[in-house]
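File shown: target_24.txt. Contents: compact mmCIF, N, CA and C atoms.
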# COMPACT_ATOMS: atom_id res chain seq x y z
N MET A 593 -19.52 11.04 46.35
CA MET A 593 -19.57 9.92 45.46
C MET A 593 -18.76 10.26 44.20
N ARG A 594 -18.00 9.29 43.68
CA ARG A 594 -17.16 9.51 42.48
C ARG A 594 -17.93 9.17 41.22
N ARG A 595 -17.65 9.93 40.21
CA ARG A 595 -18.27 9.63 38.91
C ARG A 595 -17.43 8.59 38.19
N ALA A 596 -18.08 7.73 37.45
CA ALA A 596 -17.36 6.73 36.65
C ALA A 596 -16.72 7.42 35.46
N LYS A 597 -15.57 6.92 35.07
CA LYS A 597 -14.89 7.50 33.91
C LYS A 597 -15.61 7.09 32.64
N SER A 598 -15.81 8.03 31.77
CA SER A 598 -16.54 7.76 30.54
C SER A 598 -15.64 7.42 29.37
N GLY A 599 -14.34 7.49 29.56
CA GLY A 599 -13.43 7.22 28.45
C GLY A 599 -13.06 8.50 27.71
N LYS A 600 -13.78 9.56 28.01
CA LYS A 600 -13.49 10.83 27.36
C LYS A 600 -12.84 11.80 28.34
N GLY A 601 -12.20 11.23 29.31
CA GLY A 601 -11.56 12.03 30.34
C GLY A 601 -10.23 12.57 29.86
N ARG A 602 -9.43 12.92 30.83
CA ARG A 602 -8.16 13.57 30.56
C ARG A 602 -7.23 12.70 29.71
N SER A 603 -7.12 11.40 30.02
CA SER A 603 -6.20 10.54 29.28
C SER A 603 -6.63 10.36 27.82
N ALA A 604 -7.93 10.28 27.57
CA ALA A 604 -8.41 10.15 26.19
C ALA A 604 -8.11 11.43 25.41
N ARG A 605 -8.32 12.58 26.06
CA ARG A 605 -8.02 13.85 25.39
C ARG A 605 -6.53 13.98 25.13
N LYS A 606 -5.73 13.52 26.10
CA LYS A 606 -4.29 13.62 25.96
C LYS A 606 -3.80 12.76 24.81
N SER A 607 -4.28 11.50 24.70
CA SER A 607 -3.81 10.63 23.62
C SER A 607 -4.27 11.17 22.27
N SER A 608 -5.45 11.76 22.22
CA SER A 608 -5.93 12.35 20.98
C SER A 608 -5.02 13.51 20.57
N ALA A 609 -4.63 14.33 21.53
CA ALA A 609 -3.75 15.47 21.25
C ALA A 609 -2.38 14.99 20.79
N VAL A 610 -1.88 13.93 21.40
CA VAL A 610 -0.58 13.37 21.00
C VAL A 610 -0.66 12.87 19.56
N MET A 611 -1.72 12.17 19.20
CA MET A 611 -1.87 11.66 17.84
C MET A 611 -1.94 12.81 16.83
N LYS A 612 -2.62 13.86 17.18
CA LYS A 612 -2.70 15.02 16.28
C LYS A 612 -1.32 15.62 16.05
N LYS A 613 -0.52 15.70 17.12
CA LYS A 613 0.83 16.25 16.98
C LYS A 613 1.69 15.36 16.10
N VAL A 614 1.62 14.05 16.32
CA VAL A 614 2.42 13.10 15.52
C VAL A 614 2.01 13.21 14.05
N THR A 615 0.72 13.23 13.80
CA THR A 615 0.23 13.34 12.43
C THR A 615 0.67 14.66 11.80
N ALA A 616 0.59 15.74 12.57
CA ALA A 616 1.00 17.04 12.05
C ALA A 616 2.49 17.05 11.71
N ARG A 617 3.31 16.42 12.58
CA ARG A 617 4.75 16.36 12.30
C ARG A 617 5.02 15.57 11.04
N ARG A 618 4.34 14.45 10.90
CA ARG A 618 4.54 13.64 9.68
C ARG A 618 4.15 14.43 8.46
N GLY A 619 3.02 15.13 8.54
CA GLY A 619 2.56 15.93 7.42
C GLY A 619 3.53 17.05 7.08
N ALA A 620 4.12 17.65 8.10
CA ALA A 620 5.07 18.73 7.87
C ALA A 620 6.34 18.20 7.25
N ARG A 621 6.73 17.02 7.67
CA ARG A 621 7.95 16.41 7.16
C ARG A 621 7.77 15.98 5.71
N ARG A 622 6.63 15.40 5.44
CA ARG A 622 6.38 14.87 4.11
C ARG A 622 4.89 14.90 3.86
N GLY A 623 4.44 15.91 3.14
CA GLY A 623 3.02 16.04 2.87
C GLY A 623 2.52 14.90 2.00
N ALA A 624 1.25 14.74 2.00
CA ALA A 624 0.64 13.68 1.19
C ALA A 624 0.91 13.97 -0.29
N PRO A 625 1.47 13.00 -1.01
CA PRO A 625 1.73 13.23 -2.43
C PRO A 625 0.42 13.34 -3.21
N LYS A 626 0.43 14.16 -4.23
CA LYS A 626 -0.78 14.36 -5.02
C LYS A 626 -0.73 13.62 -6.34
N SER A 627 0.43 13.08 -6.69
CA SER A 627 0.57 12.34 -7.94
C SER A 627 1.63 11.26 -7.77
N LEU A 628 1.67 10.34 -8.71
CA LEU A 628 2.68 9.29 -8.67
C LEU A 628 4.07 9.89 -8.78
N GLU A 629 4.23 10.90 -9.61
CA GLU A 629 5.52 11.53 -9.79
C GLU A 629 6.02 12.13 -8.47
N GLU A 630 5.10 12.77 -7.76
CA GLU A 630 5.44 13.37 -6.47
C GLU A 630 5.81 12.28 -5.46
N TYR A 631 5.06 11.17 -5.48
CA TYR A 631 5.38 10.05 -4.58
C TYR A 631 6.76 9.49 -4.91
N ALA A 632 7.00 9.20 -6.19
CA ALA A 632 8.26 8.59 -6.62
C ALA A 632 9.45 9.50 -6.35
N ALA A 633 9.24 10.81 -6.39
CA ALA A 633 10.34 11.75 -6.15
C ALA A 633 10.90 11.59 -4.73
N GLY A 634 10.09 11.14 -3.81
CA GLY A 634 10.54 10.96 -2.44
C GLY A 634 11.10 9.58 -2.14
N VAL A 635 11.18 8.73 -3.15
CA VAL A 635 11.66 7.35 -2.96
C VAL A 635 13.12 7.26 -3.40
N PRO A 636 14.02 6.83 -2.52
CA PRO A 636 15.44 6.71 -2.90
C PRO A 636 15.70 5.42 -3.68
N GLU A 637 16.81 5.40 -4.42
CA GLU A 637 17.25 4.17 -5.08
C GLU A 637 17.75 3.24 -4.00
N PRO A 638 17.69 1.93 -4.15
CA PRO A 638 17.19 1.13 -5.25
C PRO A 638 15.68 0.89 -5.20
N ALA A 639 15.01 1.41 -4.19
CA ALA A 639 13.57 1.21 -4.08
C ALA A 639 12.82 1.82 -5.25
N LYS A 640 13.31 2.94 -5.76
CA LYS A 640 12.64 3.61 -6.89
C LYS A 640 12.63 2.72 -8.12
N ARG A 641 13.73 2.03 -8.36
CA ARG A 641 13.83 1.13 -9.51
C ARG A 641 12.81 0.00 -9.39
N LYS A 642 12.71 -0.60 -8.19
CA LYS A 642 11.75 -1.69 -7.96
C LYS A 642 10.32 -1.18 -8.05
N LEU A 643 10.10 0.05 -7.59
CA LEU A 643 8.77 0.64 -7.67
C LEU A 643 8.34 0.78 -9.13
N ARG A 644 9.25 1.23 -9.98
CA ARG A 644 8.95 1.36 -11.42
C ARG A 644 8.65 -0.01 -12.02
N GLU A 645 9.42 -1.00 -11.62
CA GLU A 645 9.23 -2.36 -12.12
C GLU A 645 7.85 -2.90 -11.68
N MET A 646 7.49 -2.67 -10.42
CA MET A 646 6.19 -3.10 -9.90
C MET A 646 5.07 -2.39 -10.65
N ARG A 647 5.21 -1.09 -10.86
CA ARG A 647 4.20 -0.30 -11.57
C ARG A 647 3.98 -0.84 -12.98
N ALA A 648 5.07 -1.16 -13.67
CA ALA A 648 4.96 -1.69 -15.03
C ALA A 648 4.24 -3.04 -15.05
N ALA A 649 4.55 -3.88 -14.09
CA ALA A 649 3.91 -5.20 -14.02
C ALA A 649 2.41 -5.05 -13.75
N ILE A 650 2.07 -4.16 -12.84
CA ILE A 650 0.65 -3.94 -12.52
C ILE A 650 -0.07 -3.37 -13.73
N ARG A 651 0.55 -2.38 -14.38
CA ARG A 651 -0.05 -1.73 -15.55
C ARG A 651 -0.40 -2.76 -16.62
N MET A 652 0.45 -3.79 -16.81
CA MET A 652 0.19 -4.81 -17.82
C MET A 652 -0.98 -5.72 -17.44
N ALA A 653 -1.34 -5.77 -16.15
CA ALA A 653 -2.37 -6.70 -15.70
C ALA A 653 -3.74 -6.05 -15.48
N VAL A 654 -3.79 -4.74 -15.35
CA VAL A 654 -5.07 -4.07 -15.11
C VAL A 654 -5.72 -3.71 -16.44
N PRO A 655 -7.02 -3.46 -16.45
CA PRO A 655 -7.68 -3.03 -17.69
C PRO A 655 -7.07 -1.73 -18.21
N ARG A 656 -7.13 -1.54 -19.52
CA ARG A 656 -6.57 -0.33 -20.14
C ARG A 656 -7.15 0.95 -19.55
N GLU A 657 -8.42 0.89 -19.16
CA GLU A 657 -9.10 2.07 -18.66
C GLU A 657 -8.70 2.42 -17.23
N ALA A 658 -7.96 1.56 -16.58
CA ALA A 658 -7.56 1.82 -15.19
C ALA A 658 -6.69 3.06 -15.12
N VAL A 659 -6.90 3.81 -14.07
CA VAL A 659 -6.12 5.03 -13.86
C VAL A 659 -5.31 4.91 -12.57
N GLU A 660 -4.23 5.66 -12.52
CA GLU A 660 -3.41 5.68 -11.32
C GLU A 660 -3.87 6.81 -10.43
N VAL A 661 -3.96 6.52 -9.16
CA VAL A 661 -4.37 7.51 -8.17
C VAL A 661 -3.47 7.37 -6.94
N ILE A 662 -3.57 8.33 -6.06
CA ILE A 662 -2.93 8.22 -4.76
C ILE A 662 -4.06 7.97 -3.76
N SER A 663 -3.93 6.90 -3.01
CA SER A 663 -4.93 6.54 -2.01
C SER A 663 -4.20 6.08 -0.77
N TYR A 664 -4.58 6.58 0.37
CA TYR A 664 -3.88 6.28 1.62
C TYR A 664 -2.40 6.68 1.52
N ARG A 665 -2.13 7.74 0.78
CA ARG A 665 -0.79 8.31 0.61
C ARG A 665 0.17 7.44 -0.21
N ILE A 666 -0.35 6.42 -0.90
CA ILE A 666 0.49 5.56 -1.73
C ILE A 666 -0.18 5.40 -3.10
N PRO A 667 0.59 4.99 -4.12
CA PRO A 667 0.02 4.79 -5.45
C PRO A 667 -0.94 3.60 -5.49
N ALA A 668 -1.94 3.74 -6.34
CA ALA A 668 -2.93 2.67 -6.52
C ALA A 668 -3.44 2.72 -7.95
N PHE A 669 -4.04 1.63 -8.37
CA PHE A 669 -4.72 1.59 -9.67
C PHE A 669 -6.20 1.44 -9.40
N LYS A 670 -6.99 2.21 -10.17
CA LYS A 670 -8.43 2.24 -9.97
C LYS A 670 -9.13 2.01 -11.30
N HIS A 671 -10.13 1.15 -11.27
CA HIS A 671 -11.01 0.94 -12.42
C HIS A 671 -12.40 0.74 -11.84
N GLU A 672 -13.19 1.77 -11.85
CA GLU A 672 -14.48 1.83 -11.17
C GLU A 672 -14.26 1.83 -9.65
N LYS A 673 -13.53 0.86 -9.13
CA LYS A 673 -13.17 0.82 -7.72
C LYS A 673 -11.66 0.65 -7.64
N LEU A 674 -11.11 0.85 -6.45
CA LEU A 674 -9.67 0.65 -6.27
C LEU A 674 -9.36 -0.83 -6.43
N LEU A 675 -8.33 -1.12 -7.23
CA LEU A 675 -7.94 -2.50 -7.49
C LEU A 675 -6.80 -2.93 -6.58
N VAL A 676 -5.65 -2.28 -6.72
CA VAL A 676 -4.48 -2.63 -5.91
C VAL A 676 -3.70 -1.37 -5.58
N TRP A 677 -2.99 -1.46 -4.49
CA TRP A 677 -2.08 -0.40 -4.05
C TRP A 677 -0.67 -0.97 -4.09
N TYR A 678 0.31 -0.10 -4.19
CA TYR A 678 1.71 -0.54 -4.13
C TYR A 678 2.54 0.60 -3.54
N ALA A 679 3.67 0.24 -2.94
CA ALA A 679 4.48 1.26 -2.28
C ALA A 679 5.92 0.79 -2.15
N ALA A 680 6.81 1.75 -1.94
CA ALA A 680 8.23 1.46 -1.75
C ALA A 680 8.64 1.82 -0.33
N PHE A 681 9.50 0.98 0.22
CA PHE A 681 10.03 1.18 1.57
C PHE A 681 11.54 1.00 1.51
N SER A 682 12.21 1.17 2.61
CA SER A 682 13.68 1.14 2.60
C SER A 682 14.25 -0.23 2.26
N LYS A 683 13.55 -1.30 2.57
CA LYS A 683 14.09 -2.64 2.32
C LYS A 683 13.21 -3.51 1.43
N HIS A 684 12.05 -2.99 1.01
CA HIS A 684 11.15 -3.78 0.18
C HIS A 684 10.18 -2.88 -0.57
N VAL A 685 9.52 -3.48 -1.55
CA VAL A 685 8.36 -2.86 -2.17
C VAL A 685 7.18 -3.74 -1.79
N SER A 686 6.03 -3.13 -1.62
CA SER A 686 4.86 -3.88 -1.19
C SER A 686 3.75 -3.78 -2.21
N LEU A 687 2.98 -4.86 -2.28
CA LEU A 687 1.77 -4.92 -3.09
C LEU A 687 0.63 -5.17 -2.13
N PHE A 688 -0.45 -4.43 -2.28
CA PHE A 688 -1.61 -4.54 -1.41
C PHE A 688 -2.82 -4.96 -2.26
N PRO A 689 -3.01 -6.27 -2.50
CA PRO A 689 -4.09 -6.71 -3.37
C PRO A 689 -5.37 -7.14 -2.63
N THR A 690 -5.44 -7.02 -1.35
CA THR A 690 -6.51 -7.44 -0.43
C THR A 690 -6.23 -8.84 0.11
N ALA A 691 -6.81 -9.10 1.27
CA ALA A 691 -6.56 -10.35 1.99
C ALA A 691 -7.04 -11.58 1.23
N ALA A 692 -8.19 -11.49 0.58
CA ALA A 692 -8.74 -12.64 -0.13
C ALA A 692 -7.82 -13.11 -1.26
N VAL A 693 -7.25 -12.18 -1.97
CA VAL A 693 -6.34 -12.53 -3.07
C VAL A 693 -5.06 -13.14 -2.50
N ILE A 694 -4.57 -12.59 -1.42
CA ILE A 694 -3.35 -13.13 -0.80
C ILE A 694 -3.59 -14.57 -0.36
N ARG A 695 -4.75 -14.83 0.24
CA ARG A 695 -5.06 -16.21 0.66
C ARG A 695 -5.05 -17.16 -0.54
N ALA A 696 -5.54 -16.71 -1.67
CA ALA A 696 -5.60 -17.55 -2.87
C ALA A 696 -4.21 -17.90 -3.41
N PHE A 697 -3.21 -17.08 -3.09
CA PHE A 697 -1.85 -17.29 -3.60
C PHE A 697 -0.87 -17.70 -2.50
N GLN A 698 -1.39 -18.25 -1.42
CA GLN A 698 -0.56 -18.62 -0.27
C GLN A 698 0.65 -19.46 -0.65
N LYS A 699 0.46 -20.47 -1.46
CA LYS A 699 1.56 -21.38 -1.81
C LYS A 699 2.63 -20.66 -2.64
N GLU A 700 2.22 -19.86 -3.61
CA GLU A 700 3.16 -19.16 -4.46
C GLU A 700 3.94 -18.08 -3.70
N LEU A 701 3.38 -17.64 -2.59
CA LEU A 701 4.01 -16.55 -1.82
C LEU A 701 4.92 -17.04 -0.71
N LYS A 702 5.11 -18.35 -0.61
CA LYS A 702 6.04 -18.87 0.40
C LYS A 702 7.42 -18.26 0.13
N GLY A 703 8.08 -17.85 1.18
CA GLY A 703 9.39 -17.22 1.03
C GLY A 703 9.34 -15.71 1.02
N TYR A 704 8.13 -15.15 0.95
CA TYR A 704 7.96 -13.70 1.01
C TYR A 704 7.27 -13.35 2.31
N SER A 705 7.52 -12.18 2.81
CA SER A 705 6.85 -11.71 4.01
C SER A 705 5.44 -11.27 3.61
N VAL A 706 4.45 -11.89 4.24
CA VAL A 706 3.06 -11.64 3.89
C VAL A 706 2.28 -11.37 5.17
N SER A 707 1.41 -10.37 5.13
CA SER A 707 0.49 -10.13 6.23
C SER A 707 -0.92 -10.22 5.67
N LYS A 708 -1.88 -9.86 6.45
CA LYS A 708 -3.28 -10.00 6.04
C LYS A 708 -3.56 -9.38 4.66
N GLY A 709 -3.05 -8.18 4.41
CA GLY A 709 -3.35 -7.52 3.14
C GLY A 709 -2.15 -7.07 2.34
N THR A 710 -0.95 -7.49 2.75
CA THR A 710 0.28 -6.98 2.14
C THR A 710 1.25 -8.08 1.78
N ILE A 711 1.90 -7.90 0.65
CA ILE A 711 2.99 -8.79 0.24
C ILE A 711 4.23 -7.91 0.12
N GLN A 712 5.31 -8.32 0.78
CA GLN A 712 6.56 -7.56 0.71
C GLN A 712 7.56 -8.30 -0.17
N PHE A 713 8.11 -7.58 -1.14
CA PHE A 713 9.13 -8.12 -2.02
C PHE A 713 10.44 -7.40 -1.70
N PRO A 714 11.44 -8.14 -1.18
CA PRO A 714 12.70 -7.50 -0.78
C PRO A 714 13.42 -6.86 -1.95
N LEU A 715 14.12 -5.77 -1.68
CA LEU A 715 14.84 -5.07 -2.73
C LEU A 715 16.05 -5.85 -3.23
N ASP A 716 16.58 -6.74 -2.40
CA ASP A 716 17.78 -7.47 -2.78
C ASP A 716 17.48 -8.75 -3.57
N ARG A 717 16.22 -8.97 -3.94
CA ARG A 717 15.85 -10.11 -4.76
C ARG A 717 15.12 -9.63 -6.00
N ARG A 718 15.13 -10.47 -7.05
CA ARG A 718 14.39 -10.12 -8.26
C ARG A 718 12.90 -10.03 -7.96
N LEU A 719 12.24 -9.07 -8.54
CA LEU A 719 10.79 -8.95 -8.39
C LEU A 719 10.15 -10.03 -9.26
N PRO A 720 9.28 -10.87 -8.69
CA PRO A 720 8.63 -11.92 -9.48
C PRO A 720 7.50 -11.32 -10.33
N VAL A 721 7.88 -10.72 -11.44
CA VAL A 721 6.95 -9.97 -12.28
C VAL A 721 5.76 -10.84 -12.71
N ALA A 722 6.01 -12.07 -13.12
CA ALA A 722 4.92 -12.94 -13.55
C ALA A 722 3.93 -13.19 -12.41
N LEU A 723 4.44 -13.38 -11.21
CA LEU A 723 3.57 -13.59 -10.05
C LEU A 723 2.78 -12.33 -9.73
N VAL A 724 3.42 -11.18 -9.80
CA VAL A 724 2.72 -9.91 -9.55
C VAL A 724 1.56 -9.75 -10.53
N LYS A 725 1.82 -10.02 -11.81
CA LYS A 725 0.77 -9.91 -12.83
C LYS A 725 -0.38 -10.87 -12.53
N LYS A 726 -0.04 -12.09 -12.17
CA LYS A 726 -1.04 -13.11 -11.87
C LYS A 726 -1.92 -12.68 -10.68
N ILE A 727 -1.29 -12.14 -9.65
CA ILE A 727 -2.03 -11.67 -8.47
C ILE A 727 -2.95 -10.51 -8.83
N VAL A 728 -2.44 -9.58 -9.61
CA VAL A 728 -3.26 -8.42 -10.00
C VAL A 728 -4.42 -8.86 -10.88
N LYS A 729 -4.17 -9.76 -11.80
CA LYS A 729 -5.26 -10.27 -12.65
C LYS A 729 -6.33 -10.96 -11.81
N ALA A 730 -5.91 -11.68 -10.77
CA ALA A 730 -6.87 -12.33 -9.88
C ALA A 730 -7.71 -11.28 -9.15
N ARG A 731 -7.08 -10.20 -8.74
CA ARG A 731 -7.81 -9.12 -8.05
C ARG A 731 -8.82 -8.46 -9.01
N VAL A 732 -8.41 -8.23 -10.24
CA VAL A 732 -9.31 -7.63 -11.23
C VAL A 732 -10.49 -8.56 -11.46
N ALA A 733 -10.22 -9.86 -11.61
CA ALA A 733 -11.30 -10.83 -11.82
C ALA A 733 -12.25 -10.85 -10.63
N ALA A 734 -11.73 -10.77 -9.43
CA ALA A 734 -12.57 -10.78 -8.22
C ALA A 734 -13.47 -9.54 -8.17
N MET A 735 -12.97 -8.43 -8.68
CA MET A 735 -13.75 -7.19 -8.67
C MET A 735 -14.88 -7.24 -9.71
N GLN A 736 -14.75 -8.06 -10.73
CA GLN A 736 -15.75 -8.13 -11.79
C GLN A 736 -16.89 -9.08 -11.46
N LYS A 737 -16.79 -9.77 -10.36
CA LYS A 737 -17.85 -10.71 -9.98
C LYS A 737 -19.01 -9.99 -9.37
Let's see the structure in the file written out as structure tokens.
Amino acid sequence: MRRAKSGKGRSARKSSAVMKKVTARRGARRGAPKSLEEYAAGVPEPAKRKLREMRAAIRMAVPREAVEVISYRIPAFKHEKLLVWYAAFSKHVSLFPTAAVIRAFQKELKGYSVSKGTIQFPLDRRLPVALVKKIVKARVAAMQK
């Protein structure tokens, strides 16, 4: 009689081992940054310029007591709890204000690539600083409820 597969058989162990190798390679290539400066050092221009612009816009919208941290390997602002994350990529900078905030700004975000929790701002367009501030302020207000 054959035993039923429990899901922890050879293929599950194999995929787990593959994931560990991929993660280890990524870590070896680029370790997790420990500070914003370390994160920004690995960002090439023109993304670095947009990242600085995004950081400044967010800084103006969060409470003075908010601190910058690295969370999920990207920069974030924290005030009691994590407020927003932001990151730079080869063709865009992203803001991660949570899905609820993104839904609230659906109309204003037309023309931008948006997913459940992420807004992508292309590097070849002006960063909508006023909109970024407005979104971050909405996230801060939602956290205070």
Which neighbours of segment 682-688 of chain A fall inside 5 Å, counting all atoms listed in the file, when residues of the same chain fewer than 2 positions from it are skipped, and could you give them as a PDB file with N, CA and C atoms, in the frame of the given file?
ATOM      1  N   VAL A 676      -5.650  -2.280  -6.720  1.00  0.00           N
ATOM      2  CA  VAL A 676      -4.480  -2.630  -5.910  1.00  0.00           C
ATOM      3  C   VAL A 676      -3.700  -1.370  -5.580  1.00  0.00           C
ATOM      4  N   TRP A 677      -2.990  -1.460  -4.490  1.00  0.00           N
ATOM      5  CA  TRP A 677      -2.080  -0.400  -4.050  1.00  0.00           C
ATOM      6  C   TRP A 677      -0.670  -0.970  -4.090  1.00  0.00           C
ATOM      7  N   TYR A 678       0.310  -0.100  -4.190  1.00  0.00           N
ATOM      8  CA  TYR A 678       1.710  -0.540  -4.130  1.00  0.00           C
ATOM      9  C   TYR A 678       2.540   0.600  -3.540  1.00  0.00           C
ATOM     10  N   ALA A 679       3.670   0.240  -2.940  1.00  0.00           N
ATOM     11  CA  ALA A 679       4.480   1.260  -2.280  1.00  0.00           C
ATOM     12  C   ALA A 679       5.920   0.790  -2.150  1.00  0.00           C
ATOM     13  N   ALA A 680       6.810   1.750  -1.940  1.00  0.00           N
ATOM     14  CA  ALA A 680       8.230   1.460  -1.750  1.00  0.00           C
ATOM     15  C   ALA A 680       8.640   1.820  -0.330  1.00  0.00           C
ATOM     16  N   THR A 690      -5.440  -7.020  -1.350  1.00  0.00           N
ATOM     17  CA  THR A 690      -6.510  -7.440  -0.430  1.00  0.00           C
ATOM     18  C   THR A 690      -6.230  -8.840   0.110  1.00  0.00           C
ATOM     19  N   GLY A 709      -3.050  -8.180   4.410  1.00  0.00           N
ATOM     20  CA  GLY A 709      -3.350  -7.520   3.140  1.00  0.00           C
ATOM     21  C   GLY A 709      -2.150  -7.070   2.340  1.00  0.00           C
ATOM     22  N   THR A 710      -0.950  -7.490   2.750  1.00  0.00           N
ATOM     23  CA  THR A 710       0.280  -6.980   2.140  1.00  0.00           C
ATOM     24  C   THR A 710       1.250  -8.080   1.780  1.00  0.00           C
ATOM     25  N   ILE A 711       1.900  -7.900   0.650  1.00  0.00           N
ATOM     26  CA  ILE A 711       2.990  -8.790   0.240  1.00  0.00           C
ATOM     27  C   ILE A 711       4.230  -7.910   0.120  1.00  0.00           C
ATOM     28  N   GLN A 712       5.310  -8.320   0.780  1.00  0.00           N
ATOM     29  CA  GLN A 712       6.560  -7.560   0.710  1.00  0.00           C
ATOM     30  C   GLN A 712       7.560  -8.300  -0.170  1.00  0.00           C
ATOM     31  N   PHE A 713       8.110  -7.580  -1.140  1.00  0.00           N
ATOM     32  CA  PHE A 713       9.130  -8.120  -2.020  1.00  0.00           C
ATOM     33  C   PHE A 713      10.440  -7.400  -1.700  1.00  0.00           C
ATOM     34  N   PRO A 714      11.440  -8.140  -1.180  1.00  0.00           N
ATOM     35  CA  PRO A 714      12.700  -7.500  -0.780  1.00  0.00           C
ATOM     36  C   PRO A 714      13.420  -6.860  -1.950  1.00  0.00           C
ATOM     37  N   LEU A 715      14.120  -5.770  -1.680  1.00  0.00           N
ATOM     38  CA  LEU A 715      14.840  -5.070  -2.730  1.00  0.00           C
ATOM     39  C   LEU A 715      16.050  -5.850  -3.230  1.00  0.00           C
TER      40      LEU A 715
END
Starting from 3 Å padding per side, set up an axis-aligned box that covers all listed atoms of segment 689-708 of chain A and hand over centre and edge lengths in Å, one decimal, as lines of an AutoDock Vina configuration file.
center_x = 0.3
center_y = -13.8
center_z = 1.0
size_x = 24.1
size_y = 21.1
size_z = 16.9
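Residue nearest Glu657 of chain A within the list A:His671, A:Arg731, A:Lys737, A:Lys702: A:His671 [criterion: smallest interatomic distance, all atoms listed in the file].
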DSSP says helix (DSSP H, G or I) for which residues of segment 651-692 of chain A? Put them as an mmCIF file with N, CA and C atoms, in the frame of the given file?
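Just written: part-v8.cif:
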data_model
loop_
_atom_site.group_PDB
_atom_site.id
_atom_site.type_symbol
_atom_site.label_atom_id
_atom_site.label_comp_id
_atom_site.auth_asym_id
_atom_site.auth_seq_id
_atom_site.Cartn_x
_atom_site.Cartn_y
_atom_site.Cartn_z
ATOM 1 N N ARG A 651 0.550 -2.380 -14.380
ATOM 2 C CA ARG A 651 -0.050 -1.730 -15.550
ATOM 3 C C ARG A 651 -0.400 -2.760 -16.620
ATOM 4 N N MET A 652 0.450 -3.790 -16.810
ATOM 5 C CA MET A 652 0.190 -4.810 -17.820
ATOM 6 C C MET A 652 -0.980 -5.720 -17.440
ATOM 7 N N ALA A 653 -1.340 -5.770 -16.150
ATOM 8 C CA ALA A 653 -2.370 -6.700 -15.700
ATOM 9 C C ALA A 653 -3.740 -6.050 -15.480
ATOM 10 N N ALA A 691 -6.810 -9.100 1.270
ATOM 11 C CA ALA A 691 -6.560 -10.350 1.990
ATOM 12 C C ALA A 691 -7.040 -11.580 1.230
ATOM 13 N N ALA A 692 -8.190 -11.490 0.580
ATOM 14 C CA ALA A 692 -8.740 -12.640 -0.130
ATOM 15 C C ALA A 692 -7.820 -13.110 -1.260
#
Report summary line: If you count all atoms listed in the file, the residue of A:Arg695, A:Lys725, A:Glu637, A:Met735 closest to Arg651 of chain A turns out to be A:Lys725
Report task. Could you check how far atom CA of Lys670 of chain A sits from atom CA of Ala658 of chain A, in Å to one decimal? Result -> 5.3 Å
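You will find atom CA of Ala653 of chain A at 6.0 Å from atom CA of Val728 of chain A.
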Requested in this report: Go through segment 641-711 of chain A and collect every residue that DSSP, computed from the backbone, puts in strand (DSSP E or B); the answer should be as a VMD selection string.
Outcome: chain A and resid 659 to 663 666 to 671 673 to 680 684 to 688 705 to 706 711
Requested in this report: Measure the distance from atom N of Pro625 of chain A to atom C of Val661 of chain A in Å and round it to one decimal.
Outcome: 9.6 Å
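Distances to Ser627 of chain A were evaluated for A:Ala649, A:Glu660, A:Leu643, A:Glu700 using only N, CA and C atoms, and the minimum falls at A:Glu660.
Using all atoms listed in the file, the protein and nucleic acid residues lying at most 6 Å from the point (11.5, 6.6, 0.0) are Gly634, Val635, Pro636, Ala680 and Phe681 of chain A.
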Query raised in the report: Nearest to Phe697 of chain A among A:Ile727, A:Leu674, A:Met652, A:Ala632, with distances taken over only N, CA and C atoms: which residue is it?
Result: A:Ile727
